[in-house]
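Engineer: Have a look at the structure that comes next, please.
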Amino acid sequence: VVAVDILNECTSSTSVPSPENPTEGIHKLEWDMSPETAAAIQNARRRMERDAAAMDLDIMVCPGMGKAGMAKIGARADPFMQVAIQLAYWRLHQATDSVYESCSTAAFRHGRTECIRAATIESAAFVKAMDDASMTLADKAGLLRKALAR
């Protein structure tokens, strides 16, 4: 919400940097803080860097699964990714869990932050079926379509 307010304030300013000098009017903010606060910030930075270094990330490129590929199977990217995340969680923990997406309407009058619940009975059925050897590919595809339709 604060970021949206700041963005609105900055973009409504009459002092807009020119394309020739994009940093015009920008200056470094100087902070007046206690040594304790500075130490807390440094500790937080070290923890964040440690956690980032411990992150295990793999990227898999799936040719044909862009916008056109999603349209071919009648899916939208966001629900597809939510179900994929739920499948990954299932395979890691052999459990389903509540999943939500935050949704901010703060840019609108009386807006606030909401959450869109993405975990459904249909998505749980799909993720469990993916590891069930007795389920056919057609059965799994049908369950995926049902999960994406919710």
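Ligands are numbered from 1 in the order shown, residues from 1 within each chain, and chains are lettered A, B, ... in the order they appear in the structure tokens.
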Could you find all residues in chain A that DSSP calls helix (DSSP H, G or I) from the backbone, and write them as a PyMOL selection string?

Structural biologist: chain A and resi 2-11+35-54+67-72+77-93+121-130+137-149

Engineer: For the strand (DSSP E or B) assignment from backbone DSSP, which residues of chain A qualify? Please present them as number ranges by chain.

Structural biologist: A: 18, 21, 100-104, 113-117

Engineer: As a short mmCIF file (atom, residue, chain, number, x, y, z; two decimals) with C-alpha atoms, in the first residue's frame, please: the residues near Gly74 in chain A (cut-off 12 Å, only C-alpha atoms, same-chain neighbours under 3 positions excluded).

Structural biologist:
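Full text of part29.cif as output:
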data_model
loop_
_atom_site.label_atom_id
_atom_site.label_comp_id
_atom_site.auth_asym_id
_atom_site.auth_seq_id
_atom_site.Cartn_x
_atom_site.Cartn_y
_atom_site.Cartn_z
CA MET A 65 4.20 -23.64 -22.43
CA LYS A 67 0.91 -17.87 -23.37
CA ALA A 68 0.02 -19.72 -26.58
CA GLY A 69 0.65 -23.11 -24.99
CA MET A 70 -1.55 -22.21 -22.03
CA ALA A 71 -4.30 -21.09 -24.40
CA ALA A 77 -0.66 -19.07 -16.42
CA PRO A 79 -3.69 -20.98 -11.89
CA PHE A 80 -1.30 -23.32 -13.72
CA ALA A 141 -5.21 -34.45 -17.48
CA LEU A 144 -5.66 -30.91 -13.99
CA ARG A 145 -8.41 -29.29 -16.06
CA LYS A 146 -10.77 -29.43 -13.07
CA LEU A 148 -7.41 -25.12 -13.23
CA ALA A 149 -11.11 -24.35 -13.65
#

Engineer: For CA of Asp56 in chain A and CA of Ser98 in chain A, quote the distance in Å rounded to one decimal.

Structural biologist: 22.3 Å

Engineer: Between CA of Asp51 in chain A and CA of Ser104 in chain A, what is the distance in Å, rounded to a tenth?

Structural biologist: 26.9 Å

Engineer: What's the 12 Å shell around Glu122 in chain A, counting only C-alpha atoms, without same-chain residues fewer than 3 positions away, as number ranges by chain?

Structural biologist: A: 83, 86, 96, 118-119, 125-129, 140, 142-150

Engineer: So how many Å separate CA of Ile85 in chain A and CA of Gly64 in chain A, to one decimal?

Structural biologist: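 Computed distance, CA of Ile85 in chain A to CA of Gly64 in chain A, equals 19.2 Å.
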